[in-house]
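Engineer: Structure: my_file.cif, mmCIF, C-alpha atoms, pLDDT in the B column; chains and numbers go by the auth columns.
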data_target
#
loop_
_atom_site.group_PDB
_atom_site.id
_atom_site.type_symbol
_atom_site.label_atom_id
_atom_site.label_comp_id
_atom_site.label_asym_id
_atom_site.label_seq_id
_atom_site.Cartn_x
_atom_site.Cartn_y
_atom_site.Cartn_z
_atom_site.B_iso_or_equiv
_atom_site.auth_seq_id
_atom_site.auth_asym_id
ATOM 1 C CA MET A 1 -26.116 3.268 15.937 42.00 5 A
ATOM 2 C CA THR A 2 -25.306 3.935 19.526 44.00 6 A
ATOM 3 C CA GLN A 3 -23.962 7.398 20.177 49.00 7 A
ATOM 4 C CA LEU A 4 -21.542 8.168 22.960 49.00 8 A
ATOM 5 C CA SER A 5 -22.996 10.046 25.899 49.00 9 A
ATOM 6 C CA LEU A 6 -20.727 13.019 26.359 50.00 10 A
ATOM 7 C CA ALA A 7 -20.609 16.072 28.526 53.00 11 A
ATOM 8 C CA PRO A 8 -21.732 19.248 26.738 59.00 12 A
ATOM 9 C CA SER A 9 -19.041 20.569 24.410 70.00 13 A
ATOM 10 C CA PRO A 10 -17.136 23.395 26.022 75.00 14 A
ATOM 11 C CA ALA A 11 -16.863 26.777 24.373 90.00 15 A
ATOM 12 C CA LEU A 12 -13.556 26.679 22.513 94.00 16 A
ATOM 13 C CA ASP A 13 -11.326 29.719 22.351 95.00 17 A
ATOM 14 C CA ALA A 14 -8.305 30.403 20.151 95.00 18 A
ATOM 15 C CA PHE A 15 -5.978 28.697 22.658 97.00 19 A
ATOM 16 C CA ASP A 16 -8.091 25.512 22.638 97.00 20 A
ATOM 17 C CA LEU A 17 -8.155 25.464 18.839 96.00 21 A
ATOM 18 C CA ALA A 18 -4.390 25.973 18.638 97.00 22 A
ATOM 19 C CA ILE A 19 -3.811 23.152 21.141 97.00 23 A
ATOM 20 C CA LEU A 20 -6.166 20.842 19.243 97.00 24 A
ATOM 21 C CA ASP A 21 -4.463 21.653 15.946 96.00 25 A
ATOM 22 C CA ILE A 22 -1.079 20.649 17.387 96.00 26 A
ATOM 23 C CA LEU A 23 -2.426 17.485 19.022 96.00 27 A
ATOM 24 C CA GLN A 24 -4.235 16.201 15.965 94.00 28 A
ATOM 25 C CA ARG A 25 -1.076 16.570 13.902 93.00 29 A
ATOM 26 C CA ASP A 26 1.115 14.853 16.545 94.00 30 A
ATOM 27 C CA ASN A 27 -0.342 13.868 19.900 94.00 31 A
ATOM 28 C CA THR A 28 3.142 13.005 21.204 95.00 32 A
ATOM 29 C CA THR A 29 4.022 16.714 21.334 96.00 33 A
ATOM 30 C CA SER A 30 4.974 17.534 24.917 96.00 34 A
ATOM 31 C CA GLN A 31 2.764 19.860 26.893 96.00 35 A
ATOM 32 C CA ARG A 32 5.786 22.107 27.414 97.00 36 A
ATOM 33 C CA ALA A 33 6.262 22.402 23.612 97.00 37 A
ATOM 34 C CA ILE A 34 2.539 23.062 23.144 98.00 38 A
ATOM 35 C CA ALA A 35 2.669 25.722 25.870 97.00 39 A
ATOM 36 C CA GLN A 36 5.532 27.485 24.093 97.00 40 A
ATOM 37 C CA ALA A 37 3.764 27.296 20.736 97.00 41 A
ATOM 38 C CA VAL A 38 0.477 28.731 22.010 97.00 42 A
ATOM 39 C CA HIS A 39 1.984 31.149 24.565 97.00 43 A
ATOM 40 C CA LEU A 40 0.453 29.615 27.700 97.00 44 A
ATOM 41 C CA SER A 41 1.964 27.978 30.762 97.00 45 A
ATOM 42 C CA ALA A 42 2.383 24.198 30.790 96.00 46 A
ATOM 43 C CA PRO A 43 -0.141 23.820 33.680 97.00 47 A
ATOM 44 C CA ALA A 44 -2.699 25.888 31.719 97.00 48 A
ATOM 45 C CA VAL A 45 -2.209 23.631 28.677 98.00 49 A
ATOM 46 C CA GLN A 46 -2.543 20.562 30.891 97.00 50 A
ATOM 47 C CA ARG A 47 -5.855 21.846 32.342 97.00 51 A
ATOM 48 C CA ARG A 48 -7.197 22.649 28.883 97.00 52 A
ATOM 49 C CA ILE A 49 -6.251 19.231 27.487 97.00 53 A
ATOM 50 C CA ARG A 50 -7.884 17.506 30.478 96.00 54 A
ATOM 51 C CA ARG A 51 -11.089 19.533 29.926 96.00 55 A
ATOM 52 C CA LEU A 52 -11.063 18.698 26.195 96.00 56 A
ATOM 53 C CA ARG A 53 -10.683 14.983 27.006 95.00 57 A
ATOM 54 C CA GLU A 54 -13.366 14.974 29.698 95.00 58 A
ATOM 55 C CA SER A 55 -15.837 16.804 27.465 94.00 59 A
ATOM 56 C CA GLY A 56 -15.307 14.373 24.598 94.00 60 A
ATOM 57 C CA VAL A 57 -13.815 16.912 22.180 95.00 61 A
ATOM 58 C CA ILE A 58 -10.738 14.664 22.237 96.00 62 A
ATOM 59 C CA ARG A 59 -12.269 11.204 21.737 93.00 63 A
ATOM 60 C CA ASN A 60 -9.144 9.041 21.435 92.00 64 A
ATOM 61 C CA GLU A 61 -5.399 9.358 21.266 92.00 65 A
ATOM 62 C CA VAL A 62 -4.026 6.629 19.018 90.00 66 A
ATOM 63 C CA ALA A 63 -1.221 5.734 16.652 90.00 67 A
ATOM 64 C CA VAL A 64 -2.353 5.647 13.015 89.00 68 A
ATOM 65 C CA LEU A 65 -0.883 2.523 11.455 91.00 69 A
ATOM 66 C CA ASP A 66 -0.188 1.707 7.814 92.00 70 A
ATOM 67 C CA ALA A 67 -2.297 -1.438 7.375 93.00 71 A
ATOM 68 C CA SER A 68 -0.576 -2.411 4.134 93.00 72 A
ATOM 69 C CA ARG A 69 2.788 -2.561 5.910 95.00 73 A
ATOM 70 C CA LEU A 70 1.218 -4.872 8.468 96.00 74 A
ATOM 71 C CA GLY A 71 -0.046 -7.468 5.995 96.00 75 A
ATOM 72 C CA ARG A 72 -3.476 -5.930 5.385 97.00 76 A
ATOM 73 C CA PRO A 73 -3.184 -4.405 1.897 96.00 77 A
ATOM 74 C CA LEU A 74 -6.901 -4.341 1.079 97.00 78 A
ATOM 75 C CA THR A 75 -9.177 -1.449 1.961 97.00 79 A
ATOM 76 C CA LEU A 76 -12.839 -2.017 1.183 98.00 80 A
ATOM 77 C CA ALA A 77 -15.852 0.278 1.361 98.00 81 A
ATOM 78 C CA VAL A 78 -19.053 -1.680 1.913 98.00 82 A
ATOM 79 C CA GLU A 79 -22.550 -0.255 1.535 98.00 83 A
ATOM 80 C CA VAL A 80 -25.114 -2.236 3.517 98.00 84 A
ATOM 81 C CA HIS A 81 -28.765 -2.149 2.411 98.00 85 A
ATOM 82 C CA LEU A 82 -31.396 -3.296 4.926 97.00 86 A
ATOM 83 C CA HIS A 83 -35.025 -4.319 4.689 96.00 87 A
ATOM 84 C CA ASP A 84 -35.907 -2.674 8.009 96.00 88 A
ATOM 85 C CA GLU A 85 -33.946 -0.011 9.937 94.00 89 A
ATOM 86 C CA HIS A 86 -35.795 -0.565 13.228 95.00 90 A
ATOM 87 C CA PRO A 87 -33.291 -0.827 16.121 94.00 91 A
ATOM 88 C CA LEU A 88 -34.635 -4.239 17.155 95.00 92 A
ATOM 89 C CA ARG A 89 -34.043 -5.576 13.616 95.00 93 A
ATOM 90 C CA THR A 90 -30.530 -4.085 13.353 96.00 94 A
ATOM 91 C CA ALA A 91 -29.251 -4.842 16.869 96.00 95 A
ATOM 92 C CA GLY A 92 -27.557 -8.105 15.906 96.00 96 A
ATOM 93 C CA MET A 93 -25.804 -6.617 12.882 97.00 97 A
ATOM 94 C CA ARG A 94 -24.674 -3.582 14.877 97.00 98 A
ATOM 95 C CA ALA A 95 -23.273 -5.841 17.614 97.00 99 A
ATOM 96 C CA ARG A 96 -21.351 -7.905 15.020 97.00 100 A
ATOM 97 C CA ILE A 97 -19.972 -4.713 13.455 98.00 101 A
ATOM 98 C CA MET A 98 -18.854 -3.335 16.827 97.00 102 A
ATOM 99 C CA ALA A 99 -17.119 -6.619 17.686 97.00 103 A
ATOM 100 C CA GLU A 100 -15.271 -6.958 14.352 97.00 104 A
ATOM 101 C CA PRO A 101 -11.705 -5.566 14.509 97.00 105 A
ATOM 102 C CA ALA A 102 -11.314 -5.463 10.710 97.00 106 A
ATOM 103 C CA ILE A 103 -14.037 -2.798 10.487 98.00 107 A
ATOM 104 C CA GLN A 104 -12.204 0.476 10.947 96.00 108 A
ATOM 105 C CA GLN A 105 -15.186 2.783 10.620 97.00 109 A
ATOM 106 C CA CYS A 106 -18.955 2.413 10.357 98.00 110 A
ATOM 107 C CA TYR A 107 -21.478 5.111 9.550 98.00 111 A
ATOM 108 C CA GLY A 108 -25.256 5.118 9.433 97.00 112 A
ATOM 109 C CA ILE A 109 -25.914 7.009 6.197 97.00 113 A
ATOM 110 C CA THR A 110 -28.664 8.532 4.084 97.00 114 A
ATOM 111 C CA GLY A 111 -29.367 7.624 0.488 95.00 115 A
ATOM 112 C CA GLU A 112 -29.864 4.178 -0.990 95.00 116 A
ATOM 113 C CA ALA A 113 -27.706 2.337 1.538 97.00 117 A
ATOM 114 C CA ASP A 114 -28.216 2.321 5.295 98.00 118 A
ATOM 115 C CA TYR A 115 -24.641 1.803 6.533 98.00 119 A
ATOM 116 C CA LEU A 116 -21.166 2.399 5.153 98.00 120 A
ATOM 117 C CA LEU A 117 -18.317 0.252 6.469 98.00 121 A
ATOM 118 C CA LEU A 118 -14.613 0.841 5.918 98.00 122 A
ATOM 119 C CA ILE A 119 -12.766 -2.441 6.260 98.00 123 A
ATOM 120 C CA THR A 120 -9.171 -3.620 6.077 97.00 124 A
ATOM 121 C CA ALA A 121 -8.290 -7.186 5.050 98.00 125 A
ATOM 122 C CA SER A 122 -5.257 -9.297 4.268 97.00 126 A
ATOM 123 C CA SER A 123 -6.907 -11.058 1.316 98.00 127 A
ATOM 124 C CA MET A 124 -10.171 -11.449 -0.547 98.00 128 A
ATOM 125 C CA ALA A 125 -10.623 -14.839 1.146 98.00 129 A
ATOM 126 C CA GLU A 126 -10.429 -13.137 4.548 98.00 130 A
ATOM 127 C CA TYR A 127 -12.902 -10.487 3.377 98.00 131 A
ATOM 128 C CA GLU A 128 -15.335 -13.137 2.104 97.00 132 A
ATOM 129 C CA ALA A 129 -15.180 -14.942 5.473 98.00 133 A
ATOM 130 C CA LEU A 130 -15.799 -11.619 7.229 97.00 134 A
ATOM 131 C CA THR A 131 -18.896 -10.858 5.136 97.00 135 A
ATOM 132 C CA GLU A 132 -20.237 -14.334 5.857 97.00 136 A
ATOM 133 C CA ARG A 133 -19.803 -13.697 9.611 95.00 137 A
ATOM 134 C CA LEU A 134 -21.364 -10.247 9.393 96.00 138 A
ATOM 135 C CA PHE A 135 -24.207 -10.794 6.954 96.00 139 A
ATOM 136 C CA GLY A 136 -24.762 -14.536 6.517 94.00 140 A
ATOM 137 C CA GLY A 137 -28.048 -15.733 7.961 93.00 141 A
ATOM 138 C CA ASP A 138 -29.286 -12.200 8.699 96.00 142 A
ATOM 139 C CA ASP A 139 -32.583 -11.950 6.830 96.00 143 A
ATOM 140 C CA ASN A 140 -32.663 -8.181 7.426 97.00 144 A
ATOM 141 C CA ILE A 141 -29.691 -7.649 5.080 97.00 145 A
ATOM 142 C CA ARG A 142 -31.202 -6.929 1.678 97.00 146 A
ATOM 143 C CA ARG A 143 -27.789 -6.717 -0.003 97.00 147 A
ATOM 144 C CA TYR A 144 -24.332 -5.247 0.347 97.00 148 A
ATOM 145 C CA ARG A 145 -22.076 -3.697 -2.257 98.00 149 A
ATOM 146 C CA THR A 146 -18.305 -3.661 -2.002 98.00 150 A
ATOM 147 C CA SER A 147 -15.818 -1.265 -3.559 98.00 151 A
ATOM 148 C CA VAL A 148 -12.120 -2.104 -3.356 98.00 152 A
ATOM 149 C CA ALA A 149 -9.719 0.817 -2.981 97.00 153 A
ATOM 150 C CA LEU A 150 -7.072 0.742 -5.712 96.00 154 A
ATOM 151 C CA THR A 151 -4.975 3.598 -4.345 94.00 155 A
ATOM 152 C CA CYS A 152 -4.998 5.841 -1.305 92.00 156 A
ATOM 153 C CA LEU A 153 -4.794 9.508 -2.223 93.00 157 A
ATOM 154 C CA LYS A 154 -5.440 10.736 1.304 91.00 158 A
ATOM 155 C CA MET A 155 -6.079 9.131 4.663 89.00 159 A
ATOM 156 C CA GLY A 156 -6.595 10.796 7.981 87.00 160 A
ATOM 157 C CA LEU A 157 -8.934 11.996 10.633 87.00 161 A
ATOM 158 C CA HIS A 158 -7.807 15.629 10.696 89.00 162 A
ATOM 159 C CA VAL A 159 -10.659 18.014 11.537 92.00 163 A
ATOM 160 C CA PRO A 160 -10.308 21.504 10.027 92.00 164 A
ATOM 161 C CA LEU A 161 -10.308 24.115 12.801 91.00 165 A
ATOM 162 C CA ALA A 162 -11.373 27.729 12.423 74.00 166 A
#
Re-express the file's structure as structure tokens.

Structural biologist:
Amino acid sequence: MTQLSLAPSPALDAFDLAILDILQRDNTTSQRAIAQAVHLSAPAVQRRIRRLRESGVIRNEVAVLDASRLGRPLTLAVEVHLHDEHPLRTAGMRARIMAEPAIQQCYGITGEADYLLLITASSMAEYEALTERLFGGDDNIRRYRTSVALTCLKMGLHVPLA
């Protein structure tokens, strides 16, 4: 998988960690409110947030949506098993994965499978069409195995901070 080319990670101090903790819980918190919470000036918080963005520590700032409330009640975990992991043999599959909006996350993994995909779908018919687009006709796909989530106990991207 292609990795992002980022600037070297900055050394993070207690102020940076406190700012990040606030932002990952609610990135709509005003810089003035963050400044009060961490006992810095608003301009200092603004400079720190800009540095954290530019260095790639803050990768994205997004709204986390409830897919089931938007007509996409299915969450599927798909393990993809390949014949050959060589980048030239996986380039087409990786491009299809990157272009597919229904794939929320994709990881290259160790173990029996080579990739793990987390997918949202409105129906099993939609999911079946998606797998045909992703895997059909690709002779490098040995097999894929799908698990359907029955319940969601926890969902998030929160990173524990020291």

Engineer: I need the output of the PyMOL selection byres ((chain A and resi 80-93) around 7) for this file as a list in words; which residues are they?

Structural biologist: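 Applied to this file, the PyMOL selection byres ((chain A and resi 80-93) around 7) selects Leu78, Thr79, Thr94, Ala95, Ala117, Asp118, Tyr119, Leu120, Leu121, Leu122, Ile123, Thr124, Asn144, Ile145, Arg146, Arg147, Tyr148, Arg149, Thr150, Ser151, Val152 and Ala153 of chain A.
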
Engineer: Separation of atom CA of A:Tyr111 and atom CA of A:Arg29, in Å?

Structural biologist: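 A separation of 23.8 Å between them.
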
Engineer: For each of A:Ile101, A:Ser126, A:Leu154, A:Ser13, take the minimum atom-to-atom distance to A:Ser72, counting all atoms listed in the file, then give the residue where this is smallest.

Structural biologist: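 Using all atoms listed in the file, the shortest distance to A:Ser72 belongs to A:Ser126.
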
Engineer: Which one is closest to A:Leu69: A:Thr114, A:Gln35, A:Gln108, A:Gln50? Count all atoms listed in the file.

Structural biologist: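 The closest residue to A:Leu69 is A:Gln108.
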
Engineer: Closest to A:Leu74 among A:Ala103, A:Leu24, A:Ala125, A:Val49, using all atoms listed in the file?

Structural biologist: A:Ala125

Engineer: Quick one: everything within 12 Å of A:Arg55, counting all atoms listed in the file, minus sequence neighbours fewer than 4 positions away in the same chain. Send it as an mmCIF file with C-alpha atoms, in the coordinates of the input.

Structural biologist:
data_model
loop_
_atom_site.group_PDB
_atom_site.id
_atom_site.type_symbol
_atom_site.label_atom_id
_atom_site.label_comp_id
_atom_site.auth_asym_id
_atom_site.auth_seq_id
_atom_site.Cartn_x
_atom_site.Cartn_y
_atom_site.Cartn_z
ATOM 1 C CA ALA A 11 -20.609 16.072 28.526
ATOM 2 C CA PRO A 12 -21.732 19.248 26.738
ATOM 3 C CA SER A 13 -19.041 20.569 24.410
ATOM 4 C CA PRO A 14 -17.136 23.395 26.022
ATOM 5 C CA ALA A 15 -16.863 26.777 24.373
ATOM 6 C CA LEU A 16 -13.556 26.679 22.513
ATOM 7 C CA ASP A 20 -8.091 25.512 22.638
ATOM 8 C CA ILE A 23 -3.811 23.152 21.141
ATOM 9 C CA LEU A 24 -6.166 20.842 19.243
ATOM 10 C CA ALA A 48 -2.699 25.888 31.719
ATOM 11 C CA VAL A 49 -2.209 23.631 28.677
ATOM 12 C CA GLN A 50 -2.543 20.562 30.891
ATOM 13 C CA ARG A 51 -5.855 21.846 32.342
ATOM 14 C CA SER A 59 -15.837 16.804 27.465
ATOM 15 C CA GLY A 60 -15.307 14.373 24.598
ATOM 16 C CA VAL A 61 -13.815 16.912 22.180
ATOM 17 C CA ILE A 62 -10.738 14.664 22.237
ATOM 18 C CA ARG A 63 -12.269 11.204 21.737
#

Engineer: Could you add N, CA, C and O atoms to stretch 59-76 of chain A and give me the result as a PDB file, in the coordinates of the input?

Structural biologist:
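Final file, rebuild34.pdb:
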ATOM      1  N   SER A  59     -14.633  16.375  28.174  1.00 94.00           N
ATOM      2  CA  SER A  59     -15.837  16.804  27.465  1.00 94.00           C
ATOM      3  C   SER A  59     -16.096  15.994  26.205  1.00 94.00           C
ATOM      4  O   SER A  59     -17.165  16.106  25.613  1.00 94.00           O
ATOM      5  N   GLY A  60     -15.126  15.186  25.800  1.00 94.00           N
ATOM      6  CA  GLY A  60     -15.307  14.373  24.598  1.00 94.00           C
ATOM      7  C   GLY A  60     -14.857  15.038  23.317  1.00 94.00           C
ATOM      8  O   GLY A  60     -14.980  14.448  22.244  1.00 94.00           O
ATOM      9  N   VAL A  61     -14.356  16.273  23.388  1.00 95.00           N
ATOM     10  CA  VAL A  61     -13.815  16.912  22.180  1.00 95.00           C
ATOM     11  C   VAL A  61     -12.645  16.080  21.671  1.00 95.00           C
ATOM     12  O   VAL A  61     -12.526  15.814  20.476  1.00 95.00           O
ATOM     13  N   ILE A  62     -11.782  15.629  22.584  1.00 96.00           N
ATOM     14  CA  ILE A  62     -10.738  14.664  22.237  1.00 96.00           C
ATOM     15  C   ILE A  62     -11.316  13.291  22.570  1.00 96.00           C
ATOM     16  O   ILE A  62     -11.500  12.947  23.736  1.00 96.00           O
ATOM     17  N   ARG A  63     -11.627  12.508  21.531  1.00 93.00           N
ATOM     18  CA  ARG A  63     -12.269  11.204  21.737  1.00 93.00           C
ATOM     19  C   ARG A  63     -11.266  10.107  22.031  1.00 93.00           C
ATOM     20  O   ARG A  63     -11.516   9.244  22.863  1.00 93.00           O
ATOM     21  N   ASN A  64     -10.163  10.082  21.285  1.00 92.00           N
ATOM     22  CA  ASN A  64      -9.144   9.041  21.435  1.00 92.00           C
ATOM     23  C   ASN A  64      -7.788   9.630  21.109  1.00 92.00           C
ATOM     24  O   ASN A  64      -7.689  10.605  20.368  1.00 92.00           O
ATOM     25  N   GLU A  65      -6.764   9.002  21.619  1.00 92.00           N
ATOM     26  CA  GLU A  65      -5.399   9.358  21.266  1.00 92.00           C
ATOM     27  C   GLU A  65      -4.728   8.050  20.869  1.00 92.00           C
ATOM     28  O   GLU A  65      -4.508   7.189  21.715  1.00 92.00           O
ATOM     29  N   VAL A  66      -4.480   7.911  19.561  1.00 90.00           N
ATOM     30  CA  VAL A  66      -4.026   6.629  19.018  1.00 90.00           C
ATOM     31  C   VAL A  66      -2.884   6.837  18.028  1.00 90.00           C
ATOM     32  O   VAL A  66      -2.677   7.935  17.520  1.00 90.00           O
ATOM     33  N   ALA A  67      -2.192   5.742  17.742  1.00 90.00           N
ATOM     34  CA  ALA A  67      -1.221   5.734  16.652  1.00 90.00           C
ATOM     35  C   ALA A  67      -1.967   5.313  15.390  1.00 90.00           C
ATOM     36  O   ALA A  67      -2.752   4.365  15.412  1.00 90.00           O
ATOM     37  N   VAL A  68      -1.743   6.010  14.295  1.00 89.00           N
ATOM     38  CA  VAL A  68      -2.353   5.647  13.015  1.00 89.00           C
ATOM     39  C   VAL A  68      -1.353   4.750  12.294  1.00 89.00           C
ATOM     40  O   VAL A  68      -0.234   5.167  12.006  1.00 89.00           O
ATOM     41  N   LEU A  69      -1.767   3.520  12.045  1.00 91.00           N
ATOM     42  CA  LEU A  69      -0.883   2.523  11.455  1.00 91.00           C
ATOM     43  C   LEU A  69      -1.113   2.400   9.961  1.00 91.00           C
ATOM     44  O   LEU A  69      -2.204   2.648   9.467  1.00 91.00           O
ATOM     45  N   ASP A  70      -0.086   1.988   9.240  1.00 92.00           N
ATOM     46  CA  ASP A  70      -0.188   1.707   7.814  1.00 92.00           C
ATOM     47  C   ASP A  70      -0.548   0.234   7.671  1.00 92.00           C
ATOM     48  O   ASP A  70       0.310  -0.649   7.811  1.00 92.00           O
ATOM     49  N   ALA A  71      -1.812  -0.055   7.426  1.00 93.00           N
ATOM     50  CA  ALA A  71      -2.297  -1.438   7.375  1.00 93.00           C
ATOM     51  C   ALA A  71      -1.573  -2.262   6.317  1.00 93.00           C
ATOM     52  O   ALA A  71      -1.309  -3.441   6.525  1.00 93.00           O
ATOM     53  N   SER A  72      -1.237  -1.649   5.197  1.00 93.00           N
ATOM     54  CA  SER A  72      -0.576  -2.411   4.134  1.00 93.00           C
ATOM     55  C   SER A  72       0.805  -2.888   4.562  1.00 93.00           C
ATOM     56  O   SER A  72       1.252  -3.950   4.149  1.00 93.00           O
ATOM     57  N   ARG A  73       1.467  -2.140   5.414  1.00 95.00           N
ATOM     58  CA  ARG A  73       2.788  -2.561   5.910  1.00 95.00           C
ATOM     59  C   ARG A  73       2.676  -3.620   6.995  1.00 95.00           C
ATOM     60  O   ARG A  73       3.678  -4.171   7.438  1.00 95.00           O
ATOM     61  N   LEU A  74       1.460  -3.880   7.425  1.00 96.00           N
ATOM     62  CA  LEU A  74       1.218  -4.872   8.468  1.00 96.00           C
ATOM     63  C   LEU A  74       0.459  -6.082   7.917  1.00 96.00           C
ATOM     64  O   LEU A  74      -0.212  -6.802   8.658  1.00 96.00           O
ATOM     65  N   GLY A  75       0.558  -6.289   6.602  1.00 96.00           N
ATOM     66  CA  GLY A  75      -0.046  -7.468   5.995  1.00 96.00           C
ATOM     67  C   GLY A  75      -1.525  -7.358   5.714  1.00 96.00           C
ATOM     68  O   GLY A  75      -2.196  -8.372   5.527  1.00 96.00           O
ATOM     69  N   ARG A  76      -2.060  -6.133   5.674  1.00 97.00           N
ATOM     70  CA  ARG A  76      -3.476  -5.930   5.385  1.00 97.00           C
ATOM     71  C   ARG A  76      -3.594  -4.924   4.241  1.00 97.00           C
ATOM     72  O   ARG A  76      -3.998  -3.785   4.448  1.00 97.00           O
TER      73      ARG A  76
END
